[in-house]
Amino acid sequence: MAEASKAGHNPLILVAIGGAAAATVFCTVKMCSDSVRSRKSYKPRKIVRVGSRKSPLAMVQTNLVVAKLKEQHPELTFEVVTLETKGDKVLDKALSAIGDKGLFTQELEEKMHSSEIDMAVHSCKDLQSTLPDGLCIGAFLKRDPREDVFVASKRHAGVKCIDDLPKGAVVGTSSVRRRAVLSHHHPHLQFKDIRGNIGTRLNKLDDDANGYDGTILAHAGLVRMQEEAYSSRITQVLPEEKYMYAVAQGVIAVECRDNDSWLLGVLDSVQDPDSKTVTLAERALLRGLEGGCHVPLATRALKEGRQLTLHGAVFSVDGTKSVKESMTIDLNDMSATELGRTLSVRMAEKGAKELIAACK
């Protein structure tokens with residue numbers, strides 16, 4: 001039931017927070033084959049060690065996962081281990097300038113490899129499209145709102161939507177995808193990097209000295225924080241039909257060792273099948289285009305019964321060029337992973353990989 005690799009199941013649990021991902025039965029086998037399974041096996045245990053990034057949102061996500069696991073497994077004890085990742089420490093550079101490999105996940109994955117933690121909870125969109133050997137995604141939780149939201153600076157009380165921003169207005173974002181998508185639809189806007197957790201970014205937005213007129217945040221993060229101070233700042237929920245979102249955005253994924261079959265069984269109790277299916281398709285699209293977490297790829301997946309539709313779009317950074325494609329399948333005839341892979345081939349034939357390469 002894992003996305004990257006799996007084998008045994010173990011009794012002592014270690015969990016960590018970092019990024020995001022997705023899975024399905026077909027994909028489980030495929031993803032597991034992408035990793036080299038360790039021969040060491042893990043027995044059932046009663047202590048679950050949970051690793052997490054220290055940011056407020058990461059802790060909220062970790063506690064959410066732990067609470068759901070406790071509901072299903074009251075006999076287990078969960079211990080949280082916190083740490084900082086490279087992405088947490090380097091805040092004076094855009095994410096794309098730091099690197100593209102596990103900026104918010106690598107340290108947690110190293111802890112899993114050394115058996116200091118058993119699992120890592122991630123915003124799925126932070127996970128690499130291909131996981132390190134020996135690790136897999138054991139569970140995809142139910143997807144929260146997947147759209148982006150526009151937040152206007154407090155000095156722009158009259159701004160009701162992003163269309164209201166005047167020519168030359170500055171939008172704070174360190175996301176290559178958001179910059180490209182917004183440039184495509186709003187070429188009159190300018191962009192400036194902004195880093196930090198949600199609270200830090202909102203404070204930077206409202207400091208007139210920084211020159212921001214607005215910023216873009218993930219709707220899911222604001223919802224999970226459950227604080228009026230955050231949710232009340234939403235100026236506009238950007239319609240996903242026009243502003244497609246990042247691969248796996250809104251999904252919490254739990255990563256673990258692929259040979260910990262006991263733990264994989266535990267995690268299966270919090271698995272959301274629909275979330276798993278759509279995220280597998282989106283991640284397969286990203287992997288097929290050989291993209292990382294910081295490429296101008298936007299996506300949108302819709303599942304109705306056994307029908308799955310996947311939309312993909314790749315943009316040049318300035319938004320002037322784009323490759324857009326979509327495809328609908330019956331899941332009785334094709335897997336979610338095959339859908340993502342097939343769509344990536346169609347987009348590559350139209351020049352999507354060249355646009356991605358030009359952004360690196």
# chains A, B, ... in the order shown; residues from 1 in each chain; ligands from 1
$ select_by_dssp --residues "range 320-356 of chain A" --states "strand (DSSP E)" --output "ChimeraX atom specification"
/A:322-330
$ write_last_selection --atoms "N, CA, C and O atoms" --output "CSV table (one decimal), in the first residue's frame"
chain,number,residue,atom,x,y,z
A,322,SER,N,3.5,28.2,-22.8
A,322,SER,CA,2.9,27.1,-22.0
A,322,SER,C,2.6,25.9,-22.8
A,322,SER,O,2.5,26.0,-24.0
A,323,VAL,N,2.6,24.8,-22.1
A,323,VAL,CA,2.1,23.5,-22.7
A,323,VAL,C,1.0,23.0,-21.8
A,323,VAL,O,1.3,22.7,-20.6
A,324,LYS,N,-0.2,22.8,-22.3
A,324,LYS,CA,-1.3,22.3,-21.5
A,324,LYS,C,-1.9,21.1,-22.2
A,324,LYS,O,-2.0,21.0,-23.4
A,325,GLU,N,-2.2,20.1,-21.3
A,325,GLU,CA,-2.8,18.9,-21.8
A,325,GLU,C,-3.8,18.3,-20.7
A,325,GLU,O,-3.6,18.6,-19.5
A,326,SER,N,-4.7,17.5,-21.1
A,326,SER,CA,-5.6,16.8,-20.2
A,326,SER,C,-5.9,15.4,-20.7
A,326,SER,O,-5.9,15.2,-21.9
A,327,MET,N,-6.4,14.6,-19.8
A,327,MET,CA,-6.7,13.2,-20.3
A,327,MET,C,-7.6,12.6,-19.2
A,327,MET,O,-7.5,12.8,-18.0
A,328,THR,N,-8.6,11.8,-19.7
A,328,THR,CA,-9.6,11.2,-18.8
A,328,THR,C,-9.5,9.7,-19.1
A,328,THR,O,-9.5,9.2,-20.2
A,329,ILE,N,-9.5,8.9,-18.0
A,329,ILE,CA,-9.5,7.4,-18.1
A,329,ILE,C,-10.6,6.8,-17.2
A,329,ILE,O,-11.1,7.4,-16.4
A,330,ASP,N,-10.8,5.5,-17.5
A,330,ASP,CA,-11.6,4.7,-16.6
A,330,ASP,C,-10.6,3.9,-15.8
A,330,ASP,O,-9.8,3.2,-16.4
$ residues_around --residues "Ser153 in chain A" --least-positions-apart "5" --cutoff "6 Å" --atoms "only C-alpha atoms" --output "PyMOL selection string"
chain A and resi 205-206+213-214
$ closest_atom_pairs --of "range 226-287 of chain A" --to "range 139-150 of chain A" --cutoff "7 Å" --atoms "only C-alpha atoms" --output "tab-separated table"
residue	atom	partner	partner_atom	distance
A:Ile234	CA	A:Phe150	CA	6.4
A:Thr235	CA	A:Phe150	CA	5.7
A:Gln236	CA	A:Phe150	CA	5.1
A:Val237	CA	A:Val149	CA	4.4
A:Leu238	CA	A:Val149	CA	5.3
A:Glu240	CA	A:Glu147	CA	5.8
A:Tyr245	CA	A:Glu147	CA	5.9
A:Gln249	CA	A:Arg146	CA	5.4
A:Gly250	CA	A:Arg146	CA	4.6
A:Val251	CA	A:Arg143	CA	4.7
A:Ile252	CA	A:Leu141	CA	5.5
A:Ala253	CA	A:Phe140	CA	4.7
A:Val254	CA	A:Ala139	CA	5.2
A:Leu267	CA	A:Ala139	CA	5.7
A:Asp268	CA	A:Ala139	CA	6.1
A:Val270	CA	A:Leu141	CA	6.4
A:Gln271	CA	A:Ala139	CA	4.9
A:Asp272	CA	A:Lys142	CA	5.2
A:Ser275	CA	A:Lys142	CA	5.5
A:Lys276	CA	A:Phe140	CA	5.4
$ atom_distance --atom1 "CA of Lys350 in chain A" --atom2 "CA of Arg283 in chain A"
19.5 Å
$ atom_distance --atom1 "CA of Arg179 in chain A" --atom2 "CA of Val121 in chain A"
27.1 Å
$ select_by_dssp --residues "range 45-275 of chain A" --states "alpha helix (DSSP H)" --output "PyMOL selection string"
chain A and resi 56-72+86-89+95-98+106-113+176-185+198-206+219-225+228-231+261-267+273-275
$ residues_around --residues "Ala298 in chain A" --least-positions-apart "3" --cutoff "6 Å" --atoms "only C-alpha atoms" --output "PyMOL selection string"
chain A and resi 244-246+312-313
$ atom_distance --atom1 "CA of Glu79 in chain A" --atom2 "CA of Gly265 in chain A"
18.9 Å
$ closest_residue --among "A:Ala357, A:Val247, A:Val159, A:Cys256" --to "Asp133 in chain A" --atoms "only C-alpha atoms"
A:Cys256
$ residues_around --residues "Thr173 in chain A" --least-positions-apart "3" --cutoff "7 Å" --atoms "only C-alpha atoms" --output "list in words"
Arg179, Phe191, Lys192, Asp193, Ile194, Thr215 and Ile216 of chain A
$ closest_residue --among "A:Leu308, A:Leu280, A:Ala209, A:Leu355" --to "Ile137 in chain A" --atoms "only C-alpha atoms"
A:Leu280
$ residues_around --residues "range 222-231 of chain A" --least-positions-apart "3" --cutoff "7 Å" --atoms "only C-alpha atoms" --output "list of chain:residue names"
A:Leu57, A:Val60, A:His219, A:Ile234
$ closest_residue --among "A:Arg346, A:Lys54, A:Arg341, A:Arg306" --to "Ala284 in chain A" --atoms "only C-alpha atoms"
A:Arg341
